[in-house]
Amino acid sequence: MMAFLSNLVNGISLGSIYAIIALGYTMVYGIAKMLNFAHGDVIMVGAYIAFCAAQYWGFPPVLALLVAMAVCTLLGVTIEKLAYAPLRQATSLAVLITAIGMSYLLQNLALLIWGANPKVFPDLIGLGSIALFDGQLVVKGATLVTIAANIVIMVALTLFTARTKMGKAMRCVSEDRGAAELMGIHVNGTISLTFAIGSFLAAIAGFLLCSSYPVLQPTTGSMPGIKAFTAAVFGGIGSIPGAMVGGVLLGVIEILGKAYISTELGDAIVFAVLIIVLLVRPTGLMGKATREKV
């Protein structure tokens, strides 16, 4: 029983990281209607910046995270302005190829700057473990911080999109970009803000990911990025609560699958569950079906 609870907690922790990454995917897709496959590599950049700030520059953990968030936010806006904004009227395929190219560009720049050798990410969270049930269940401090961060971010984003002027502008652009522009909403600025928020979250995700799995290399964000995209589709891409639910469920399925079925088939089980869900509910668990006039 304790082994199951331990795996469940670890699954929720891993799923929380997927959920934070998936929020970046789902916001960009929901508003800009594009898949930013470079998002996973922005996570990697955020982790490297936090590593350098703490390890080489001697910054305290909170300041290292703030520096990483600032750099990733600037990087996300720059990528949007240089790579995606000129393709506003281009086909979806052109945007997709550009996103993949940007992903490879960031990975190779990381190889040039930091090298291919893995680096050990320091324990920047620095919280001890909590022993429950007379020491039979041990929960790491990083696990608690990750789960709490996921909940806080999801609630904050939900309130932001529902209550603030910019959040309502994002929803308007998502619903009808042309009508939003006619109503005086700065569409390009709104899309840039969306990329800034997504990249801001990517830095937090990179920090938390490497705090829990402390091996850092240029491909660090690739697989978590793909799984987080899967989580966004699983929960219903474009839905903020769906990203959270999809991420957590995906993390739990992955950890339990590896623990009780097969370590080698853990990833295959995750994608098999996604296929089954999409066959039954193509819009994802919390996605809404949309009607198109023809």
# chains A, B, ... in the order shown; residues from 1 in each chain; ligands from 1

$ select_by_dssp --residues "stretch 18-168 of chain A" --states "helix (DSSP H, G or I)" --output "PyMOL selection string"
chain A and resi 18-32+39-55+61-87+92-114+141-163+165-168

$ residues_around --residues "stretch 80-88 of chain A" --least-positions-apart "5" --cutoff "12 Å" --atoms "only C-alpha atoms" --output "short mmCIF file (atom, residue, chain, number, x, y, z; two decimals) with C-alpha atoms, in the first residue's frame"
data_model
loop_
_atom_site.label_atom_id
_atom_site.label_comp_id
_atom_site.auth_asym_id
_atom_site.auth_seq_id
_atom_site.Cartn_x
_atom_site.Cartn_y
_atom_site.Cartn_z
CA VAL A 28 -0.45 29.47 -27.47
CA ALA A 32 -2.53 31.88 -31.84
CA LYS A 33 -3.88 28.56 -33.22
CA MET A 34 -0.38 27.18 -33.66
CA LEU A 35 1.74 24.46 -32.07
CA ASN A 36 4.96 25.90 -30.67
CA PHE A 37 7.21 22.83 -30.74
CA ALA A 38 10.13 25.00 -29.59
CA HIS A 39 8.42 25.29 -26.20
CA THR A 73 10.12 35.49 -21.25
CA LEU A 74 12.38 37.65 -23.43
CA LEU A 75 13.34 34.59 -25.49
CA LEU A 93 2.34 23.53 -42.35
CA ALA A 94 4.73 26.48 -42.81
CA VAL A 95 4.30 27.50 -39.18
CA LEU A 96 4.78 23.90 -38.00
CA ILE A 97 8.03 23.51 -39.98
CA THR A 98 9.27 26.84 -38.61
CA ALA A 99 8.52 25.70 -35.04
CA ILE A 100 10.46 22.46 -35.57
CA GLY A 101 13.36 24.43 -37.07
CA MET A 102 13.37 26.79 -34.08
CA SER A 103 13.47 23.78 -31.77
CA LEU A 105 18.18 25.85 -33.51
CA ARG A 177 -9.26 37.18 -34.39
CA VAL A 187 -4.06 41.17 -31.80
CA ASN A 188 -0.30 40.99 -32.33
CA GLY A 189 0.37 42.38 -28.86
CA THR A 190 -2.04 39.88 -27.34
CA ILE A 191 -0.32 36.98 -29.10
CA SER A 192 3.10 38.27 -27.94
CA LEU A 193 1.80 38.41 -24.37
CA THR A 194 0.62 34.82 -24.70
CA PHE A 195 4.10 33.72 -25.78
CA ALA A 196 5.60 35.70 -22.89
CA GLY A 198 4.03 30.52 -21.89
CA SER A 199 7.81 31.08 -21.82
#

$ residues_around --residues "stretch 106-113 of chain A" --least-positions-apart "6" --cutoff "9 Å" --atoms "only C-alpha atoms" --output "list in words"
Ala38, Asp41, Val42, Met44, Val45, Tyr48, Gln217, Pro218 and Thr219 of chain A

$ closest_atom_pairs --of "stretch 108-135 of chain A" --to "stretch 60-66 of chain A" --cutoff "12 Å" --atoms "only C-alpha atoms" --output "JSON lines"
{"residue": "A:Phe121", "atom": "CA", "partner": "A:Pro61", "partner_atom": "CA", "distance": 11.9}
{"residue": "A:Pro122", "atom": "CA", "partner": "A:Pro61", "partner_atom": "CA", "distance": 9.7}
{"residue": "A:Asp123", "atom": "CA", "partner": "A:Pro61", "partner_atom": "CA", "distance": 9.0}
{"residue": "A:Leu124", "atom": "CA", "partner": "A:Pro61", "partner_atom": "CA", "distance": 5.3}
{"residue": "A:Ile125", "atom": "CA", "partner": "A:Pro61", "partner_atom": "CA", "distance": 6.9}
{"residue": "A:Gly126", "atom": "CA", "partner": "A:Pro61", "partner_atom": "CA", "distance": 8.8}
{"residue": "A:Leu127", "atom": "CA", "partner": "A:Pro61", "partner_atom": "CA", "distance": 11.7}

$ closest_residue --among "A:Gly76, A:Ile17, A:Leu250, A:Leu5" --to "A:Tyr213" --atoms "only C-alpha atoms"
A:Ile17

$ select_by_dssp --residues "stretch 37-153 of chain A" --states "strand (DSSP E)" --output "list in words"
Lys119, Val120, Ile130, Ala131, Leu132, Leu137, Val138 and Val139 of chain A

$ write_last_selection --atoms "N, CA and C atoms" --output "PDB file, in the first residue's frame"
ATOM      1  N   LYS A 119      25.054  17.839 -17.096  1.00  0.00           N
ATOM      2  CA  LYS A 119      25.430  18.566 -15.886  1.00  0.00           C
ATOM      3  C   LYS A 119      24.473  18.186 -14.765  1.00  0.00           C
ATOM      4  N   VAL A 120      24.991  18.126 -13.553  1.00  0.00           N
ATOM      5  CA  VAL A 120      24.154  17.780 -12.395  1.00  0.00           C
ATOM      6  C   VAL A 120      23.547  19.055 -11.840  1.00  0.00           C
ATOM      7  N   ILE A 130       9.521  14.891   3.997  1.00  0.00           N
ATOM      8  CA  ILE A 130       8.523  14.717   5.058  1.00  0.00           C
ATOM      9  C   ILE A 130       8.203  13.231   5.176  1.00  0.00           C
ATOM     10  N   ALA A 131       8.326  12.700   6.373  1.00  0.00           N
ATOM     11  CA  ALA A 131       8.037  11.289   6.616  1.00  0.00           C
ATOM     12  C   ALA A 131       6.630  11.147   7.170  1.00  0.00           C
ATOM     13  N   LEU A 132       5.825  10.304   6.537  1.00  0.00           N
ATOM     14  CA  LEU A 132       4.451  10.054   6.957  1.00  0.00           C
ATOM     15  C   LEU A 132       4.281   8.575   7.298  1.00  0.00           C
ATOM     16  N   LEU A 137       6.191   6.312   4.380  1.00  0.00           N
ATOM     17  CA  LEU A 137       6.028   7.100   3.163  1.00  0.00           C
ATOM     18  C   LEU A 137       6.837   8.384   3.307  1.00  0.00           C
ATOM     19  N   VAL A 138       7.804   8.576   2.415  1.00  0.00           N
ATOM     20  CA  VAL A 138       8.664   9.759   2.440  1.00  0.00           C
ATOM     21  C   VAL A 138       8.377  10.604   1.206  1.00  0.00           C
ATOM     22  N   VAL A 139       8.022  11.868   1.440  1.00  0.00           N
ATOM     23  CA  VAL A 139       7.707  12.790   0.338  1.00  0.00           C
ATOM     24  C   VAL A 139       8.772  13.877   0.311  1.00  0.00           C
TER      25      VAL A 139
END

$ closest_residue --among "A:Ala3, A:Ala142, A:Val270, A:Ile237" --to "A:Ser211" --atoms "only C-alpha atoms"
A:Ala142

$ closest_residue --among "A:Asn7, A:Thr263, A:Thr220, A:Thr161" --to "A:Pro241" --atoms "only C-alpha atoms"
A:Thr161

$ residues_around --residues "A:Ser174" --least-positions-apart "5" --cutoff "9 Å" --atoms "only C-alpha atoms" --output "PDB file with C-alpha atoms, in the first residue's frame"
ATOM      1  CA  TYR A  29      -2.652  27.050 -29.397  1.00  0.00           C
ATOM      2  CA  GLY A  30      -5.868  28.448 -27.940  1.00  0.00           C
ATOM      3  CA  ILE A  31      -5.010  32.032 -28.932  1.00  0.00           C
ATOM      4  CA  ALA A  32      -2.534  31.880 -31.842  1.00  0.00           C
ATOM      5  CA  LYS A  33      -3.881  28.563 -33.220  1.00  0.00           C
ATOM      6  CA  ALA A 169      -8.677  40.185 -24.827  1.00  0.00           C
ATOM      7  CA  ALA A 180     -11.316  41.178 -31.948  1.00  0.00           C
TER       8      ALA A 180
END

$ residues_around --residues "A:Thr158" --least-positions-apart "5" --cutoff "9 Å" --atoms "only C-alpha atoms" --output "list of chain:residue names"
A:Ile153, A:Arg163, A:Gly167, A:Ile240, A:Pro241

$ atom_distance --atom1 "atom CA of A:Ile253" --atom2 "atom CA of A:Leu8"
9.1 Å
